[in-house]
>>> print(open('start-v1.txt').read())   # compact mmCIF, C-alpha atoms
# COMPACT_ATOMS: atom_id res chain seq x y z
CA MET S 783 199.20 96.88 179.23
CA ILE S 784 198.16 97.96 182.72
CA ALA S 785 194.58 96.89 182.01
CA SER S 786 195.82 93.46 180.95
CA ILE S 787 197.78 93.13 184.20
CA GLN S 788 194.72 94.14 186.21
CA ASP S 789 192.57 91.57 184.39
CA LYS S 790 195.06 88.86 185.30
CA LEU S 791 195.26 90.05 188.90
CA GLN S 792 191.47 89.94 189.07
CA ARG S 793 191.70 86.18 188.62
CA ILE S 794 194.57 85.76 191.07
CA SER S 795 193.88 85.78 194.80
CA LEU S 796 195.91 87.79 197.28
CA SER S 797 197.05 84.57 198.95
CA SER S 798 198.49 83.37 195.63
CA ILE S 799 200.43 86.61 195.21
CA LEU S 800 201.76 86.29 198.75
CA LEU S 801 202.73 82.66 198.15
CA VAL S 802 204.68 83.54 195.00
CA GLY S 803 206.40 86.38 196.84
CA LEU S 804 207.35 83.99 199.63
CA VAL S 805 208.65 81.35 197.22
CA VAL S 806 210.81 83.94 195.44
CA ARG S 807 212.32 85.00 198.74
CA LEU S 808 212.88 81.44 199.95
CA GLY S 809 214.58 80.65 196.64
CA LEU S 810 216.94 83.59 197.13
CA LEU S 811 217.66 82.43 200.69
CA VAL S 812 218.75 79.05 199.32
CA PHE S 813 220.78 80.69 196.56
CA GLY S 814 222.33 83.05 199.12
CA GLU S 815 223.49 80.14 201.25
CA TRP S 816 225.10 78.56 198.19
CA GLN S 817 226.76 81.83 197.14
CA ASP S 818 228.13 82.46 200.62
CA ASN S 819 229.74 79.01 200.64
CA ASN S 820 231.04 78.95 197.09
CA MET S 821 231.82 82.47 195.89
CA ALA S 822 234.24 85.18 196.94
CA VAL S 823 231.53 87.86 196.85
CA LYS S 824 229.03 87.03 199.58
CA TYR S 825 225.26 87.40 199.31
CA THR S 826 224.69 88.02 203.02
CA ASP S 827 224.77 91.64 204.18
CA VAL S 828 227.60 92.51 206.56
CA ASP S 829 224.98 93.86 208.98
CA TYR S 830 223.59 90.35 209.34
CA LEU S 831 227.00 89.13 210.46
CA VAL S 832 227.00 91.91 213.05
CA PHE S 833 223.53 90.86 214.26
CA THR S 834 224.62 87.25 214.53
CA ASP S 835 227.80 88.09 216.44
CA ALA S 836 225.78 90.24 218.86
CA ALA S 837 223.31 87.37 219.33
CA ARG S 838 226.23 85.04 220.04
CA TYR S 839 227.48 87.33 222.80
CA LEU S 840 223.98 87.38 224.29
CA ALA S 841 223.75 83.58 224.15
CA GLN S 842 227.02 83.49 226.10
CA GLY S 843 225.58 85.82 228.75
CA GLU S 844 227.54 88.87 227.63
CA SER S 845 226.66 92.27 226.18
CA PRO S 846 225.79 92.48 222.48
CA TYR S 847 227.77 95.73 222.39
CA LEU S 848 230.99 93.74 222.70
CA ARG S 849 230.49 93.40 218.96
CA SER S 850 231.83 96.59 217.42
CA THR S 851 229.43 98.43 215.08
CA TYR S 852 226.36 96.81 216.71
CA ARG S 853 224.17 99.90 216.99
CA TYR S 854 220.72 98.49 217.59
CA THR S 855 218.49 97.64 220.53
CA PRO S 856 219.45 94.45 222.42
CA LEU S 857 215.93 93.20 221.59
CA LEU S 858 217.06 92.57 218.02
CA ALA S 859 219.96 90.46 219.23
CA TRP S 860 217.61 88.54 221.54
CA ILE S 861 215.21 87.86 218.67
CA LEU S 862 218.11 86.53 216.59
CA THR S 863 219.59 84.18 219.21
CA PRO S 864 218.09 81.20 217.25
CA ASN S 865 220.81 82.08 214.70
CA ILE S 866 223.17 80.52 217.25
CA TRP S 867 221.31 77.50 218.61
CA PHE S 868 219.03 76.71 215.63
CA HIS S 869 220.41 77.85 212.27
CA PRO S 870 222.12 81.02 210.96
CA VAL S 871 219.32 81.54 208.43
CA TRP S 872 216.73 82.11 211.18
CA GLY S 873 216.96 85.91 211.07
CA LYS S 874 216.58 86.01 207.30
CA LEU S 875 213.45 83.87 207.59
CA LEU S 876 212.10 86.30 210.18
CA PHE S 877 212.76 89.30 207.95
CA THR S 878 211.22 87.48 204.99
CA LEU S 879 208.10 86.73 207.02
CA SER S 880 207.97 90.42 207.97
CA ASP S 881 207.88 91.23 204.23
CA ILE S 882 204.84 88.99 203.76
CA ILE S 883 202.97 90.38 206.78
CA ILE S 884 203.65 93.91 205.52
CA ALA S 885 201.96 92.95 202.23
CA VAL S 886 198.93 91.63 204.15
CA LEU S 887 198.71 94.87 206.14
CA ILE S 888 199.00 96.95 202.96
CA ALA S 889 196.05 95.05 201.48
CA LYS S 890 193.98 95.48 204.65
CA ILE S 891 194.71 99.19 204.98
CA ILE S 892 193.91 99.87 201.31
CA SER S 893 190.64 97.95 201.59
CA GLN S 894 189.67 100.03 204.60
CA ARG S 895 190.89 103.44 203.52
CA ALA S 896 190.01 103.15 199.81
CA PRO S 897 186.98 100.83 199.67
CA ASN S 898 186.21 101.84 196.08
CA VAL S 899 189.46 100.36 194.82
CA SER S 900 188.88 97.13 192.93
CA ILE S 901 190.49 93.89 194.09
CA SER S 902 192.70 93.82 191.00
CA LYS S 903 194.04 97.32 191.66
CA ARG S 904 194.52 96.58 195.32
CA ASN S 905 196.50 93.47 194.39
CA LEU S 906 198.52 95.53 191.92
CA PHE S 907 199.43 98.00 194.66
CA VAL S 908 200.41 95.08 196.93
CA CYS S 909 202.66 93.79 194.12
CA PHE S 910 204.59 97.06 194.24
CA TRP S 911 205.84 95.88 197.62
CA ILE S 912 205.86 92.09 197.42
CA PHE S 913 207.77 91.98 194.11
CA ASN S 914 209.88 95.07 194.73
CA PRO S 915 213.47 93.95 194.02
CA PHE S 916 214.79 96.28 196.70
CA SER S 917 212.59 94.89 199.46
CA ILE S 918 213.32 91.33 198.33
CA ASN S 919 217.06 91.95 198.24
CA VAL S 920 217.31 93.79 201.56
CA SER S 921 215.37 91.18 203.55
CA THR S 922 216.90 88.06 202.03
CA ARG S 923 220.42 89.44 202.52
CA GLY S 924 219.65 89.79 206.22
CA ASN S 925 218.88 93.44 206.88
CA ALA S 926 216.33 94.18 209.62
CA GLU S 927 214.60 97.22 208.06
CA ALA S 928 211.52 95.16 207.15
CA LEU S 929 211.01 94.39 210.84
CA VAL S 930 210.89 98.11 211.67
CA SER S 931 208.57 98.80 208.73
CA LEU S 932 206.30 96.01 209.96
CA LEU S 933 205.97 97.70 213.36
CA VAL S 934 205.12 101.01 211.65
CA LEU S 935 202.47 99.34 209.47
CA LEU S 936 200.97 97.58 212.51
CA CYS S 937 200.77 100.95 214.25
CA LEU S 938 199.02 102.48 211.23
CA TYR S 939 196.61 99.56 210.87
CA TYR S 940 195.41 99.81 214.46
CA LEU S 941 195.40 103.61 214.31
CA PHE S 942 193.00 103.56 211.35
CA ASN S 943 190.86 101.06 213.28
CA LYS S 944 190.86 103.41 216.30
CA LYS S 945 192.53 100.87 218.56
CA TYR S 946 194.82 103.41 220.11
CA ILE S 947 196.29 101.20 222.84
CA LEU S 948 197.59 98.67 220.32
CA SER S 949 198.60 101.42 217.92
CA GLY S 950 200.51 103.24 220.64
CA PHE S 951 202.23 100.03 221.74
CA PHE S 952 203.51 99.23 218.26
CA PHE S 953 204.56 102.84 217.69
CA GLY S 954 206.55 102.92 220.92
CA LEU S 955 208.12 99.57 220.02
CA SER S 956 209.07 100.81 216.53
CA VAL S 957 210.78 103.92 217.94
CA HIS S 958 212.65 101.75 220.45
CA PHE S 959 213.87 99.51 217.63
CA LYS S 960 214.95 102.40 215.44
CA ILE S 961 214.61 106.06 216.31
CA TYR S 962 213.49 107.35 212.90
CA PRO S 963 209.73 106.53 213.25
CA ILE S 964 209.53 109.25 215.89
CA ILE S 965 209.12 111.69 212.98
CA TYR S 966 205.61 110.22 212.54
CA SER S 967 204.48 111.11 216.07
CA LEU S 968 203.13 114.61 215.35
CA PRO S 969 201.04 113.79 212.24
CA MET S 970 199.66 110.67 213.93
CA PHE S 971 198.75 112.71 217.01
CA LEU S 972 197.05 115.37 214.87
CA PHE S 973 195.22 112.77 212.78
CA ILE S 974 193.49 111.17 215.76
CA ASP S 975 189.94 112.39 216.50
CA GLY S 976 189.21 113.90 213.11
CA VAL S 977 190.41 116.62 210.81
CA GLU S 978 187.83 119.25 211.64
CA ASN S 979 188.83 119.24 215.29
CA ASN S 980 192.42 119.96 214.31
CA ARG S 981 191.58 122.70 211.83
CA LYS S 982 189.49 124.55 214.39
CA SER S 983 192.22 124.26 217.00
CA ILE S 984 194.99 125.40 214.69
CA LEU S 985 193.18 128.12 212.75
CA ALA S 986 191.05 129.64 215.51
CA PRO S 987 191.91 133.12 216.83
CA LEU S 988 194.45 133.13 219.64
CA SER S 989 191.90 134.18 222.29
CA GLN S 990 189.63 131.26 221.38
CA THR S 991 192.52 128.83 220.99
CA ARG S 992 193.62 129.40 224.58
CA LYS S 993 190.15 128.38 225.80
CA THR S 994 189.54 125.46 223.45
CA LEU S 995 193.06 124.03 223.14
CA PRO S 996 192.87 121.62 226.11
CA SER S 997 189.57 120.06 225.02
CA ARG S 998 190.14 120.06 221.26
CA PHE S 999 193.84 119.34 221.08
CA PHE S 1000 194.50 117.07 224.05
CA THR S 1001 191.60 114.69 223.56
CA LYS S 1002 191.17 111.38 225.36
CA ASP S 1003 192.10 109.23 222.35
CA ARG S 1004 195.14 111.32 221.59
CA MET S 1005 196.35 111.11 225.16
CA VAL S 1006 195.81 107.34 225.21
CA PHE S 1007 197.96 106.99 222.09
CA PHE S 1008 200.61 109.33 223.50
CA VAL S 1009 200.76 107.75 226.97
CA VAL S 1010 200.88 104.16 225.66
CA SER S 1011 203.49 104.86 222.99
CA ALA S 1012 205.67 106.96 225.32
CA SER S 1013 205.37 104.40 228.12
CA THR S 1014 206.28 101.52 225.81
CA PHE S 1015 209.35 103.36 224.57
CA LEU S 1016 210.45 104.58 228.00
CA ILE S 1017 209.93 101.26 229.78
CA LEU S 1018 211.85 99.28 227.16
CA THR S 1019 214.60 101.89 226.95
CA SER S 1020 214.90 102.11 230.75
CA LEU S 1021 215.15 98.34 231.06
CA MET S 1022 217.85 98.16 228.39
CA TYR S 1023 219.72 101.04 230.06
CA LYS S 1024 219.56 99.32 233.44
CA VAL S 1025 221.02 96.13 231.99
CA TYR S 1026 223.59 97.55 229.54
CA GLY S 1027 224.23 101.09 230.72
CA TYR S 1028 225.26 104.17 228.74
CA ILE S 1029 226.74 102.21 225.84
CA PHE S 1030 223.19 101.12 224.95
CA LEU S 1031 221.98 104.73 224.76
CA TYR S 1032 224.99 105.85 222.77
CA GLU S 1033 225.13 103.02 220.24
CA THR S 1034 221.37 102.78 219.71
CA TYR S 1035 220.37 106.45 219.67
CA LEU S 1036 223.05 109.09 220.32
CA TYR S 1037 225.48 107.70 217.76
CA HIS S 1038 223.08 108.58 214.95
CA VAL S 1039 223.13 112.25 215.99
CA VAL S 1040 226.93 112.59 215.91
CA ARG S 1041 227.51 110.04 213.16
CA ALA S 1042 229.86 111.27 210.44
CA ASP S 1043 230.27 108.44 207.93
CA ASN S 1044 233.05 109.34 205.49
CA ARG S 1045 232.49 106.24 203.39
CA HIS S 1046 230.70 106.90 200.12
CA ASN S 1047 226.92 106.81 200.26
CA PHE S 1048 223.97 108.52 198.57
CA SER S 1049 223.78 111.45 201.01
CA VAL S 1050 224.21 115.00 199.74
CA TYR S 1051 226.38 115.60 202.83
CA PHE S 1052 228.80 112.80 201.97
CA TYR S 1053 231.56 114.87 200.31
CA TYR S 1054 231.63 117.45 203.09
CA ILE S 1055 232.00 114.70 205.70
CA TYR S 1056 234.66 112.98 203.58
CA LEU S 1057 236.73 116.15 203.19
CA ASN S 1058 236.57 116.82 206.91
CA SER S 1059 237.32 113.27 207.99
CA SER S 1060 240.96 114.26 208.57
CA GLY S 1061 239.89 116.32 211.57
CA LEU S 1062 240.67 119.72 210.01
CA SER S 1063 237.09 120.94 210.39
CA THR S 1064 236.51 123.73 212.91
CA LEU S 1065 233.14 122.18 213.82
CA SER S 1066 232.83 119.10 216.00
CA PRO S 1067 230.91 116.10 214.62
CA PHE S 1068 228.21 116.80 217.22
CA ILE S 1069 227.67 120.39 216.01
CA THR S 1070 227.82 119.29 212.37
CA GLY S 1071 225.21 116.63 213.09
CA LEU S 1072 222.89 119.11 214.79
CA LEU S 1073 223.23 121.62 211.94
CA SER S 1074 222.31 118.98 209.37
CA PHE S 1075 219.13 118.30 211.33
CA VAL S 1076 217.89 121.89 211.03
CA PRO S 1077 216.58 121.78 207.41
CA GLN S 1078 215.49 118.18 207.89
CA MET S 1079 213.45 118.81 211.05
CA SER S 1080 212.05 122.12 209.77
CA LEU S 1081 210.60 120.42 206.70
CA LEU S 1082 209.25 117.52 208.75
CA LEU S 1083 207.47 119.92 211.08
CA ALA S 1084 205.93 121.81 208.15
CA LEU S 1085 204.79 118.61 206.44
CA SER S 1086 203.19 117.39 209.67
CA PHE S 1087 200.95 120.46 210.02
CA VAL S 1088 200.07 120.74 206.33
CA PHE S 1089 199.35 117.11 205.41
CA PHE S 1090 198.35 115.37 208.66
CA ASP S 1091 194.76 114.98 207.44
CA SER S 1092 196.03 112.69 204.62
CA LEU S 1093 198.09 110.56 206.94
CA GLU S 1094 199.40 108.03 204.41
CA LEU S 1095 200.68 110.83 202.18
CA CYS S 1096 202.12 112.72 205.12
CA LEU S 1097 204.12 109.73 206.34
CA LEU S 1098 205.41 109.01 202.84
CA LEU S 1099 206.48 112.64 202.32
CA GLU S 1100 208.14 112.74 205.71
CA THR S 1101 210.02 109.52 205.09
CA ILE S 1102 211.31 110.61 201.68
CA THR S 1103 212.29 113.99 203.14
CA PHE S 1104 214.06 112.37 206.08
CA VAL S 1105 216.03 110.06 203.79
CA ALA S 1106 216.87 112.77 201.23
CA PHE S 1107 218.15 115.22 203.87
CA ASN S 1108 219.88 112.65 206.07
CA LYS S 1109 223.65 112.72 206.69
CA VAL S 1110 223.85 109.09 205.61
CA CYS S 1111 221.72 107.44 202.94
CA THR S 1112 221.95 103.77 201.96
CA VAL S 1113 219.76 101.28 200.07
CA GLN S 1114 218.28 99.93 203.31
CA TYR S 1115 216.60 103.28 203.94
CA PHE S 1116 214.56 102.89 200.76
CA ILE S 1117 212.53 100.18 202.50
CA TRP S 1118 211.10 102.80 204.85
CA TYR S 1119 209.21 104.59 202.07
CA PHE S 1120 208.61 101.60 199.79
CA SER S 1121 206.42 100.05 202.49
CA LEU S 1122 204.29 103.23 202.61
CA LEU S 1123 204.09 103.89 198.86
CA PRO S 1124 201.24 101.42 198.09
CA LEU S 1125 199.05 103.15 200.69
CA VAL S 1126 199.28 106.45 198.79
CA LEU S 1127 198.77 105.16 195.24
CA PRO S 1128 194.96 104.71 195.50
CA PHE S 1129 194.65 108.46 196.08
CA SER S 1130 197.15 109.57 193.44
CA SER S 1131 196.41 110.75 189.90
CA ILE S 1132 199.90 109.82 188.72
CA THR S 1133 199.53 107.97 185.43
CA VAL S 1134 201.45 104.86 184.45
CA LYS S 1135 203.53 106.90 182.00
CA LYS S 1136 204.41 109.50 184.64
CA GLY S 1137 205.08 106.76 187.17
CA VAL S 1138 207.60 105.12 184.85
CA ALA S 1139 209.23 108.50 184.24
CA LEU S 1140 209.49 109.15 188.00
CA PHE S 1141 211.00 105.72 188.55
CA ALA S 1142 213.56 106.41 185.81
CA LEU S 1143 214.31 109.78 187.43
CA TRP S 1144 214.77 108.05 190.80
CA PHE S 1145 216.89 105.17 189.49
CA SER S 1146 219.16 106.97 187.01
CA PRO S 1147 221.25 108.85 189.61
CA GLN S 1148 221.69 105.57 191.47
CA ALA S 1149 223.01 103.87 188.33
CA LEU S 1150 225.45 106.76 187.83
CA TRP S 1151 226.44 106.56 191.51
CA LEU S 1152 227.01 102.80 191.30
CA TYR S 1153 229.23 103.21 188.25
CA GLN S 1154 231.38 105.79 190.03
CA ALA S 1155 231.48 103.59 193.15
CA TYR S 1156 232.62 100.67 190.97
CA ARG S 1157 235.46 102.79 189.59
CA LEU S 1158 236.46 103.71 193.15
CA GLU S 1159 236.22 100.27 194.76
CA PHE S 1160 237.34 97.94 191.97
CA LEU S 1161 239.49 100.12 189.70
CA GLY S 1162 241.08 102.22 192.43
CA GLU S 1163 240.23 105.52 190.76
CA ASN S 1164 239.59 108.69 192.76
CA THR S 1165 235.91 109.32 192.00
CA PHE S 1166 234.76 110.84 195.30
CA LEU S 1167 233.72 114.09 193.60
CA GLU S 1168 231.80 112.20 190.90
CA ILE S 1169 230.06 110.12 193.56
CA TRP S 1170 229.00 113.29 195.34
CA MET S 1171 227.70 114.82 192.10
CA ALA S 1172 225.60 111.68 191.53
CA GLY S 1173 224.32 112.10 195.08
CA ILE S 1174 223.28 115.68 194.30
CA LEU S 1175 221.34 114.46 191.26
CA PHE S 1176 219.68 111.87 193.48
CA PHE S 1177 218.73 114.62 195.94
CA ILE S 1178 217.20 116.69 193.12
CA ALA S 1179 215.26 113.63 191.98
CA TYR S 1180 213.85 113.26 195.48
CA ILE S 1181 212.65 116.88 195.46
CA VAL S 1182 210.92 116.43 192.09
CA ILE S 1183 209.26 113.22 193.32
CA LEU S 1184 208.04 114.95 196.47
CA ILE S 1185 206.47 117.71 194.38
CA GLN S 1186 204.78 115.19 192.11
CA PHE S 1187 203.29 113.22 195.00
CA ILE S 1188 201.94 116.39 196.57
CA SER S 1189 200.47 117.81 193.35
CA SER S 1190 198.86 114.52 192.30
CA HIS S 1191 197.26 113.62 195.63
CA ASP S 1192 193.54 113.86 196.25
CA SER S 1193 192.16 112.19 199.38
CA LYS S 1194 188.67 112.23 197.84
CA ILE S 1195 189.58 109.97 194.96
CA SER S 1196 190.47 106.30 194.96
CA LYS S 1197 191.36 104.66 191.69
>>> encode(input="start-v1.txt", output="structure tokens")
Amino acid sequence: MIASIQDKLQRISLSSILLVGLVVRLGLLVFGEWQDNNMAVKYTDVDYLVFTDAARYLAQGESPYLRSTYRYTPLLAWILTPNIWFHPVWGKLLFTLSDIIIAVLIAKIISQRAPNVSISKRNLFVCFWIFNPFSINVSTRGNAEALVSLLVLLCLYYLFNKKYILSGFFFGLSVHFKIYPIIYSLPMFLFIDGVENNRKSILAPLSQTRKTLPSRFFTKDRMVFFVVSASTFLILTSLMYKVYGYIFLYETYLYHVVRADNRHNFSVYFYYIYLNSSGLSTLSPFITGLLSFVPQMSLLLALSFVFFDSLELCLLLETITFVAFNKVCTVQYFIWYFSLLPLVLPFSSITVKKGVALFALWFSPQALWLYQAYRLEFLGENTFLEIWMAGILFFIAYIVILIQFISSHDSKISK
């Protein structure tokens, strides 16, 4: 079956695949407009309504943070001001275009990093993104995660091409847009200037490390990447702070540290937060948030030092770990690792059979979770405990998937 698909993809150009992916998304945009106007259940994501309201405030010369629950950089609201003076579908078109550019970058990075991969296999890996129902749904419903993933992929593309100024710029911009890409900073820093340089710096005796650390660790290219990315982030953040004040810092960054969302979601922490939403907890939300970061950040640090030499794998593992251990986990977060997955597949020995099994393992807890959420939301049944149990199964599935990606990876092979 897989060979038959590859034979067909061999005769289909990448541009044709991209065109079909674009047409599918445009079709859903049209359908979404119809559904929003004719059905009680809307197609458009509530976040998109928040974006549009924030853009409306900006167009009127006011702060986007007058819109409650707008917790993003003002740059996003500025980008979406055409929603007000052009057409409300503008932002969805922008996110859809981001999907297509991501697919182009995936193809380019695979061609560069795994030159032995055939065109048909490369196109197959691109299809894992371009025809992914999750990425299609999230972007066409108006969620901005594809825009952040695009910035991360642009950073990676220029990093692999050793254009560290451009790479640093896009990395700093991505962190400004959404804080989570900062978890990639250490493995990217270590990856620059070659693996051997890093191994010698890290594994050398302490006496030698003290002498060689400045020259081996803080190299010119690494410092260029660091200075440009840090400057981009700090300049943009300082400008936004000067214009909008503390509310910008809190809503865009600090809120996510103290956030305690008691609404049902996939997180393993959900039930604890729900039970303590009445304020009976002896720990403040800030302390609870910091404590939840300890296992998350510890694992991210370990992954950075162990897998930095296989950067695509490292970023994928870090993203899955970050999502699995996060206090809040929603479908939008899946886009973060789906955009990185095709970059790892050329170096993985996971078979089609095992891949299907892993997908079933990943999806089954979600199906169980959705059923329990349906009982809660539509039937009015108390299923909070069942929802949490489904979340625990989802967490276990993530751990198994992480182990499988690690054990099946070989940077020397490319399918």
>>> atom_distance(input="start-v1.txt", atom1="CA of Trp1170 (chain S)", atom2="CA of Ile1183 (chain S)")
19.8 Å
>>> residues_near_point(input="start-v1.txt", point="(212.4, 99.0, 217.6)", cutoff="9 Å", atoms="all atoms listed in the file", output="list in words")
Tyr854, Thr855, Leu857, Leu858, Leu929, Val930, Leu933, Phe952, Phe953, Gly954, Leu955, Ser956, Val957, His958, Phe959, Lys960, Ile961 and Phe1015 of chain S
>>> closest_residue(input="start-v1.txt", among="S:Lys945, S:His1046, S:Lys1024, S:Lys1135", to="Asp1003 (chain S)", atoms="all atoms listed in the file")
S:Lys945
>>> residues_around(input="start-v1.txt", residues="region 921-924 of chain S", least_positions_apart="6", cutoff="6 Å", atoms="all atoms listed in the file", output="compact mmCIF listing (two decimals) with C-alpha atoms, keeping the file's coordinate frame")
# COMPACT_ATOMS: atom_id res chain seq x y z
CA LEU S 811 217.66 82.43 200.69
CA THR S 826 224.69 88.02 203.02
CA ASP S 827 224.77 91.64 204.18
CA TYR S 830 223.59 90.35 209.34
CA LYS S 874 216.58 86.01 207.30
CA PHE S 877 212.76 89.30 207.95
CA THR S 878 211.22 87.48 204.99
>>> residues_near_point(input="start-v1.txt", point="(205.3, 115.4, 209.1)", cutoff="8 Å", atoms="all atoms listed in the file", output="ChimeraX atom specification")
/S:965-966,968-969,1081-1090,1096-1097,1099-1100
>>> atom_distance(input="start-v1.txt", atom1="CA of Ile861 (chain S)", atom2="CA of Thr1101 (chain S)")
26.1 Å
>>> closest_residue(input="start-v1.txt", among="S:Val871, S:Val828, S:Leu810, S:Ala1139", to="Val1182 (chain S)", atoms="only C-alpha atoms")
S:Ala1139
>>> closest_residue(input="start-v1.txt", among="S:Ser798, S:Ser880, S:Asn898, S:Ser1190", to="Ile1132 (chain S)", atoms="all atoms listed in the file")
S:Ser1190
>>> atom_distance(input="start-v1.txt", atom1="CA of Phe1177 (chain S)", atom2="CA of Asn1108 (chain S)")
10.4 Å
>>> closest_residue(input="start-v1.txt", among="S:Phe1120, S:Phe1048, S:Phe1145, S:Tyr1115", to="Phe913 (chain S)", atoms="all atoms listed in the file")
S:Phe1120
>>> closest_residue(input="start-v1.txt", among="S:Gly1173, S:Phe907, S:Leu1152, S:Pro864", to="Tyr1051 (chain S)", atoms="only C-alpha atoms")
S:Gly1173
